[in-house]
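A.B. asks: Got a structure here, written out as structure tokens. Questions coming.
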Amino acid sequence: TLGAALLVMHSPADRLVGIDNARRIFDTARHPKSFVALDGADHLLTDPADAEYAASVLAVWAARYALAPPALPDRETGAGVTVTESGAGPYGQRVTAGRHVLTADEPEPLGGDRGPSPYDLLLAALGACTSMTVRMYARRKDWPLDRVSVRLTHTRIHAADCADCETHDGRLDRITRVIRLDGALDEDQRRRLLAIADRCPVHRTLRSEVDIETTEAPA
């Protein structure tokens, strides 16, 4: 026995290794095990689309069993983040972003408070992006910015209380962001850095129309 989970991938069109070989390996192994058919692929996965599909299936499948975080492609390729239940309480989550592993949970009493909540992680993404954007601009300008810190809070408010919002009925989300700029900056530099903060990519994403496509991962 392998003493580990097993994933067998095989293409019905494979001319080098027959289905009987794959079936024998699968039948011999103990659970947990999975079998995925790579329809139309050749043995070496020479078609990039087939290789990408196999890699995506492997990444999702391995996240459930691997002790180490699955190696994901470069973040800029859109491979993004994998989230799986951690088994810590009813809502504990394991978040894998490239080589980095984070923990998420709901606060007590709903969850075990073993990590930031989903909204905490959202605020963290905006805060980190804000700080990085401000720092990049200050470095490019060679301005005396010693340190950036960002504090964020999330609340729900009545739409009628927001004078600049297009929505006027019901309730909407409000994120309050307070940026601290340490260093011998003049007033013009400080105003410019605060304006640059609004050009943070995550800020733009949150303010824009976002299309979220949901599909089910292959079994």
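Residues in the structure tokens are numbered from 1 in each chain, the chains being A, B, ... in the order shown, and ligands are numbered from 1 in the order shown.
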In range 10-215 of chain A, what's strand (DSSP E) per DSSP? Answer as number ranges by chain?

C.D. replies: A: 10, 33-37, 81-85, 93-97, 100-104, 147-158, 171-182

A.B. asks: Generate a file of the selected residues that holds N, CA and C atoms, formatted as a short mmCIF file (atom, residue, chain, number, x, y, z; two decimals), in the first residue's frame.

C.D. replies:
data_model
loop_
_atom_site.label_atom_id
_atom_site.label_comp_id
_atom_site.auth_asym_id
_atom_site.auth_seq_id
_atom_site.Cartn_x
_atom_site.Cartn_y
_atom_site.Cartn_z
N HIS A 10 -6.02 9.18 -16.72
CA HIS A 10 -5.77 8.39 -17.94
C HIS A 10 -6.66 8.88 -19.06
N LYS A 33 -8.88 7.35 -2.99
CA LYS A 33 -8.35 7.29 -4.35
C LYS A 33 -9.39 7.87 -5.30
N SER A 34 -8.92 8.37 -6.44
CA SER A 34 -9.81 8.96 -7.44
C SER A 34 -9.29 8.61 -8.82
N PHE A 35 -10.21 8.55 -9.79
CA PHE A 35 -9.85 8.27 -11.17
C PHE A 35 -10.46 9.36 -12.05
N VAL A 36 -9.63 9.99 -12.87
CA VAL A 36 -10.09 11.06 -13.75
C VAL A 36 -9.74 10.69 -15.18
N ALA A 37 -10.72 10.73 -16.08
CA ALA A 37 -10.50 10.46 -17.49
C ALA A 37 -10.18 11.76 -18.21
N VAL A 81 -6.24 31.55 -5.73
CA VAL A 81 -6.26 31.05 -4.36
C VAL A 81 -7.13 29.81 -4.27
N THR A 82 -6.70 28.86 -3.43
CA THR A 82 -7.50 27.67 -3.17
C THR A 82 -7.94 27.67 -1.71
N VAL A 83 -9.22 27.44 -1.48
CA VAL A 83 -9.77 27.41 -0.12
C VAL A 83 -10.42 26.06 0.12
N THR A 84 -10.01 25.39 1.21
CA THR A 84 -10.59 24.10 1.59
C THR A 84 -10.91 24.11 3.07
N GLU A 85 -11.88 23.31 3.46
CA GLU A 85 -12.20 23.20 4.88
C GLU A 85 -11.03 22.57 5.62
N GLN A 93 -11.31 27.25 7.73
CA GLN A 93 -10.88 27.13 6.34
C GLN A 93 -9.36 27.24 6.24
N ARG A 94 -8.84 26.53 5.26
CA ARG A 94 -7.41 26.64 4.94
C ARG A 94 -7.30 27.35 3.59
N VAL A 95 -6.59 28.46 3.57
CA VAL A 95 -6.46 29.29 2.38
C VAL A 95 -5.04 29.15 1.86
N THR A 96 -4.89 28.67 0.62
CA THR A 96 -3.57 28.49 0.02
C THR A 96 -3.42 29.47 -1.14
N ALA A 97 -2.40 30.32 -1.04
CA ALA A 97 -2.10 31.30 -2.08
C ALA A 97 -0.64 31.11 -2.48
N HIS A 100 1.96 30.19 0.21
CA HIS A 100 1.54 30.73 1.50
C HIS A 100 0.21 30.12 1.94
N VAL A 101 0.14 29.79 3.23
CA VAL A 101 -1.06 29.18 3.80
C VAL A 101 -1.62 30.08 4.89
N LEU A 102 -2.90 30.40 4.80
CA LEU A 102 -3.58 31.23 5.78
C LEU A 102 -4.73 30.44 6.39
N THR A 103 -5.28 30.97 7.47
CA THR A 103 -6.42 30.36 8.14
C THR A 103 -7.56 31.36 8.18
N ALA A 104 -8.76 30.88 7.95
CA ALA A 104 -9.95 31.73 8.05
C ALA A 104 -11.00 31.02 8.89
N ARG A 147 7.02 55.29 6.50
CA ARG A 147 6.16 54.15 6.79
C ARG A 147 4.71 54.45 6.42
N VAL A 148 4.03 53.42 5.93
CA VAL A 148 2.60 53.52 5.63
C VAL A 148 1.85 52.53 6.52
N SER A 149 0.75 52.95 7.11
CA SER A 149 -0.13 52.02 7.82
C SER A 149 -1.57 52.35 7.46
N VAL A 150 -2.38 51.31 7.35
CA VAL A 150 -3.76 51.48 6.91
C VAL A 150 -4.67 50.74 7.88
N ARG A 151 -5.67 51.41 8.39
CA ARG A 151 -6.67 50.76 9.24
C ARG A 151 -8.01 50.81 8.54
N LEU A 152 -8.69 49.64 8.50
CA LEU A 152 -9.95 49.54 7.77
C LEU A 152 -11.03 48.90 8.64
N THR A 153 -12.26 49.36 8.46
CA THR A 153 -13.41 48.75 9.12
C THR A 153 -14.53 48.59 8.10
N HIS A 154 -15.36 47.60 8.33
CA HIS A 154 -16.49 47.32 7.43
C HIS A 154 -17.78 47.39 8.23
N THR A 155 -18.75 48.12 7.70
CA THR A 155 -20.07 48.22 8.34
C THR A 155 -21.14 48.18 7.26
N ARG A 156 -22.38 48.05 7.68
CA ARG A 156 -23.54 48.14 6.79
C ARG A 156 -24.31 49.39 7.16
N ILE A 157 -24.63 50.22 6.19
CA ILE A 157 -25.33 51.47 6.46
C ILE A 157 -26.58 51.55 5.60
N HIS A 158 -27.47 52.46 5.96
CA HIS A 158 -28.64 52.72 5.14
C HIS A 158 -28.20 53.50 3.90
N ARG A 171 -29.89 48.80 2.25
CA ARG A 171 -28.62 48.97 2.95
C ARG A 171 -27.47 48.64 2.00
N LEU A 172 -26.32 49.19 2.28
CA LEU A 172 -25.14 48.92 1.46
C LEU A 172 -23.91 48.82 2.36
N ASP A 173 -22.83 48.33 1.77
CA ASP A 173 -21.58 48.14 2.52
C ASP A 173 -20.78 49.43 2.54
N ARG A 174 -20.18 49.72 3.69
CA ARG A 174 -19.27 50.86 3.78
C ARG A 174 -17.95 50.38 4.37
N ILE A 175 -16.87 50.69 3.67
CA ILE A 175 -15.52 50.42 4.15
C ILE A 175 -14.87 51.76 4.49
N THR A 176 -14.46 51.90 5.74
CA THR A 176 -13.75 53.10 6.18
C THR A 176 -12.26 52.81 6.20
N ARG A 177 -11.50 53.62 5.50
CA ARG A 177 -10.05 53.41 5.38
C ARG A 177 -9.33 54.65 5.90
N VAL A 178 -8.48 54.45 6.89
CA VAL A 178 -7.69 55.54 7.47
C VAL A 178 -6.22 55.24 7.19
N ILE A 179 -5.56 56.14 6.47
CA ILE A 179 -4.17 55.93 6.06
C ILE A 179 -3.26 56.85 6.86
N ARG A 180 -2.22 56.28 7.44
CA ARG A 180 -1.22 57.07 8.16
C ARG A 180 0.07 57.10 7.36
N LEU A 181 0.59 58.29 7.12
CA LEU A 181 1.83 58.47 6.37
C LEU A 181 2.87 59.08 7.29
N ASP A 182 3.90 58.32 7.63
CA ASP A 182 4.98 58.80 8.47
C ASP A 182 6.16 59.23 7.60
#

A.B. asks: Could you give me, as a PyMOL selection string, the residues within 12 Å of Leu7 in chain A, counting only C-alpha atoms and dropping anything in the same chain fewer than 6 positions from it?

C.D. replies: chain A and resi 22-23+25-27+29-37+54+57-62+64-66+219

A.B. asks: With N, CA and C atoms retained, could you export that selection as a CSV table (one decimal), in the first residue's frame?

C.D. replies:
chain,number,residue,atom,x,y,z
A,22,ALA,N,-4.1,1.4,-16.1
A,22,ALA,CA,-4.6,2.4,-15.2
A,22,ALA,C,-5.7,1.8,-14.2
A,23,ARG,N,-6.5,0.9,-14.8
A,23,ARG,CA,-7.5,0.3,-13.9
A,23,ARG,C,-6.9,-0.6,-12.9
A,25,ILE,N,-3.9,-0.3,-11.5
A,25,ILE,CA,-3.4,0.5,-10.4
A,25,ILE,C,-4.5,1.0,-9.5
A,26,PHE,N,-5.5,1.5,-10.1
A,26,PHE,CA,-6.6,2.0,-9.3
A,26,PHE,C,-7.3,1.0,-8.4
A,27,ASP,N,-7.5,-0.2,-9.0
A,27,ASP,CA,-8.2,-1.3,-8.2
A,27,ASP,C,-7.3,-1.8,-7.1
A,29,ALA,N,-5.1,-0.1,-5.3
A,29,ALA,CA,-4.9,0.9,-4.2
A,29,ALA,C,-6.0,1.0,-3.3
A,30,ARG,N,-5.8,1.4,-2.1
A,30,ARG,CA,-6.8,1.6,-1.1
A,30,ARG,C,-7.3,3.0,-1.1
A,31,HIS,N,-8.5,3.2,-0.5
A,31,HIS,CA,-9.0,4.6,-0.4
A,31,HIS,C,-8.2,5.3,0.6
A,32,PRO,N,-8.1,6.7,0.4
A,32,PRO,CA,-8.7,7.5,-0.6
A,32,PRO,C,-8.1,7.4,-1.9
A,33,LYS,N,-8.9,7.4,-3.0
A,33,LYS,CA,-8.4,7.3,-4.3
A,33,LYS,C,-9.4,7.9,-5.3
A,34,SER,N,-8.9,8.4,-6.4
A,34,SER,CA,-9.8,9.0,-7.4
A,34,SER,C,-9.3,8.6,-8.8
A,35,PHE,N,-10.2,8.6,-9.8
A,35,PHE,CA,-9.9,8.3,-11.2
A,35,PHE,C,-10.5,9.4,-12.1
A,36,VAL,N,-9.6,10.0,-12.9
A,36,VAL,CA,-10.1,11.1,-13.7
A,36,VAL,C,-9.7,10.7,-15.2
A,37,ALA,N,-10.7,10.7,-16.1
A,37,ALA,CA,-10.5,10.5,-17.5
A,37,ALA,C,-10.2,11.8,-18.2
A,54,ALA,N,-5.4,19.2,-16.7
A,54,ALA,CA,-4.9,18.2,-15.7
A,54,ALA,C,-4.3,18.8,-14.5
A,57,VAL,N,-7.1,20.2,-12.2
A,57,VAL,CA,-7.8,19.1,-11.4
A,57,VAL,C,-6.8,18.6,-10.3
A,58,LEU,N,-5.6,18.4,-10.6
A,58,LEU,CA,-4.6,18.0,-9.7
A,58,LEU,C,-4.5,18.9,-8.5
A,59,ALA,N,-4.5,20.2,-8.8
A,59,ALA,CA,-4.3,21.2,-7.7
A,59,ALA,C,-5.5,21.2,-6.8
A,60,VAL,N,-6.7,21.1,-7.3
A,60,VAL,CA,-7.9,21.1,-6.5
A,60,VAL,C,-8.0,19.8,-5.7
A,61,TRP,N,-7.7,18.7,-6.3
A,61,TRP,CA,-7.7,17.4,-5.7
A,61,TRP,C,-6.7,17.3,-4.6
A,62,ALA,N,-5.5,17.8,-4.8
A,62,ALA,CA,-4.4,17.6,-3.9
A,62,ALA,C,-4.6,18.5,-2.6
A,64,ARG,N,-7.0,18.8,-0.8
A,64,ARG,CA,-7.8,18.0,0.2
A,64,ARG,C,-6.9,17.1,1.0
A,65,TYR,N,-5.8,16.6,0.4
A,65,TYR,CA,-5.0,15.5,1.0
A,65,TYR,C,-3.6,15.9,1.3
A,66,ALA,N,-3.0,16.9,0.6
A,66,ALA,CA,-1.6,17.2,0.8
A,66,ALA,C,-1.3,17.8,2.1
A,219,ALA,N,-15.0,15.8,-10.4
A,219,ALA,CA,-14.9,14.9,-9.3
A,219,ALA,C,-13.6,14.1,-9.5

A.B. asks: Report, in Å to a single decimal, how far apart CA of Met132 in chain A and CA of Asp146 in chain A are.

C.D. replies: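 It comes out at 13.0 Å.
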
A.B. asks: Enumerate as a compact mmCIF listing (two decimals) with C-alpha atoms, in the first residue's frame all residues of range 38-137 of chain A assigned to alpha helix (DSSP H) by DSSP on the backbone, naming them with the chain letters and numbers the document uses.

C.D. replies:
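Wrote states13.txt, looks like this:
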# COMPACT_ATOMS: atom_id res chain seq x y z
CA PRO A 48 -1.48 22.99 -23.56
CA ALA A 49 -5.23 22.96 -22.92
CA ASP A 50 -5.08 19.31 -21.82
CA ALA A 51 -2.06 20.00 -19.61
CA GLU A 52 -3.74 23.01 -18.02
CA TYR A 53 -6.91 21.02 -17.33
CA ALA A 54 -4.92 18.16 -15.74
CA ALA A 55 -2.96 20.61 -13.60
CA SER A 56 -6.10 22.38 -12.38
CA VAL A 57 -7.76 19.09 -11.45
CA LEU A 58 -4.61 17.95 -9.66
CA ALA A 59 -4.33 21.22 -7.70
CA VAL A 60 -7.93 21.10 -6.49
CA TRP A 61 -7.74 17.38 -5.67
CA ALA A 62 -4.38 17.62 -3.86
CA ALA A 63 -5.53 20.49 -1.65
CA ARG A 64 -7.76 18.04 0.20
CA TYR A 65 -4.99 15.54 0.98
CA PRO A 118 -13.91 36.47 5.26
CA TYR A 119 -14.55 40.20 5.61
CA ASP A 120 -11.33 40.61 7.61
CA LEU A 121 -9.46 38.99 4.72
CA LEU A 122 -11.22 41.30 2.26
CA LEU A 123 -10.16 44.34 4.29
CA ALA A 124 -6.64 42.93 4.54
CA ALA A 125 -6.46 42.65 0.75
CA LEU A 126 -7.55 46.26 0.32
CA GLY A 127 -5.23 47.50 3.05
CA ALA A 128 -2.19 45.63 1.70
CA CYS A 129 -2.86 46.82 -1.84
CA THR A 130 -3.32 50.39 -0.62
CA SER A 131 -0.05 50.40 1.31
CA MET A 132 1.88 48.83 -1.57
CA THR A 133 0.48 51.28 -4.10
CA VAL A 134 1.37 54.29 -1.96
CA ARG A 135 4.86 52.90 -1.31
CA MET A 136 5.51 52.25 -5.02
CA TYR A 137 4.52 55.79 -5.92

A.B. asks: Applying 10 Å and only C-alpha atoms, which residues near Asp105 in chain A remain after dropping the ones on its own chain fewer than 4 positions away? List them as a ChimeraX atom specification.

C.D. replies: /A:85-86,88-94,110-118,120

A.B. asks: Emit the selected residues as a compact mmCIF listing (two decimals), in the first residue's frame, including C-alpha atoms.

C.D. replies:
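That gives us result_35.txt:
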# COMPACT_ATOMS: atom_id res chain seq x y z
CA GLU A 85 -12.20 23.20 4.88
CA SER A 86 -9.53 22.67 7.53
CA ALA A 88 -11.01 22.94 12.72
CA GLY A 89 -14.54 23.51 13.97
CA PRO A 90 -17.61 23.84 11.78
CA TYR A 91 -16.34 26.72 9.62
CA GLY A 92 -12.53 26.65 9.76
CA GLN A 93 -10.88 27.13 6.34
CA ARG A 94 -7.41 26.64 4.94
CA LEU A 110 -20.78 30.97 15.30
CA GLY A 111 -17.27 29.70 14.62
CA GLY A 112 -14.09 28.98 16.56
CA ASP A 113 -12.36 32.32 15.82
CA ARG A 114 -9.22 30.45 14.72
CA GLY A 115 -8.46 32.99 12.00
CA PRO A 116 -9.67 36.16 10.30
CA SER A 117 -13.23 36.22 9.02
CA PRO A 118 -13.91 36.47 5.26
CA ASP A 120 -11.33 40.61 7.61

A.B. asks: What gap, in Å, lies between CA of Asp47 in chain A and CA of Gly80 in chain A?

C.D. replies: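 Calculated distance between CA of Asp47 in chain A and CA of Gly80 in chain A is 22.4 Å.
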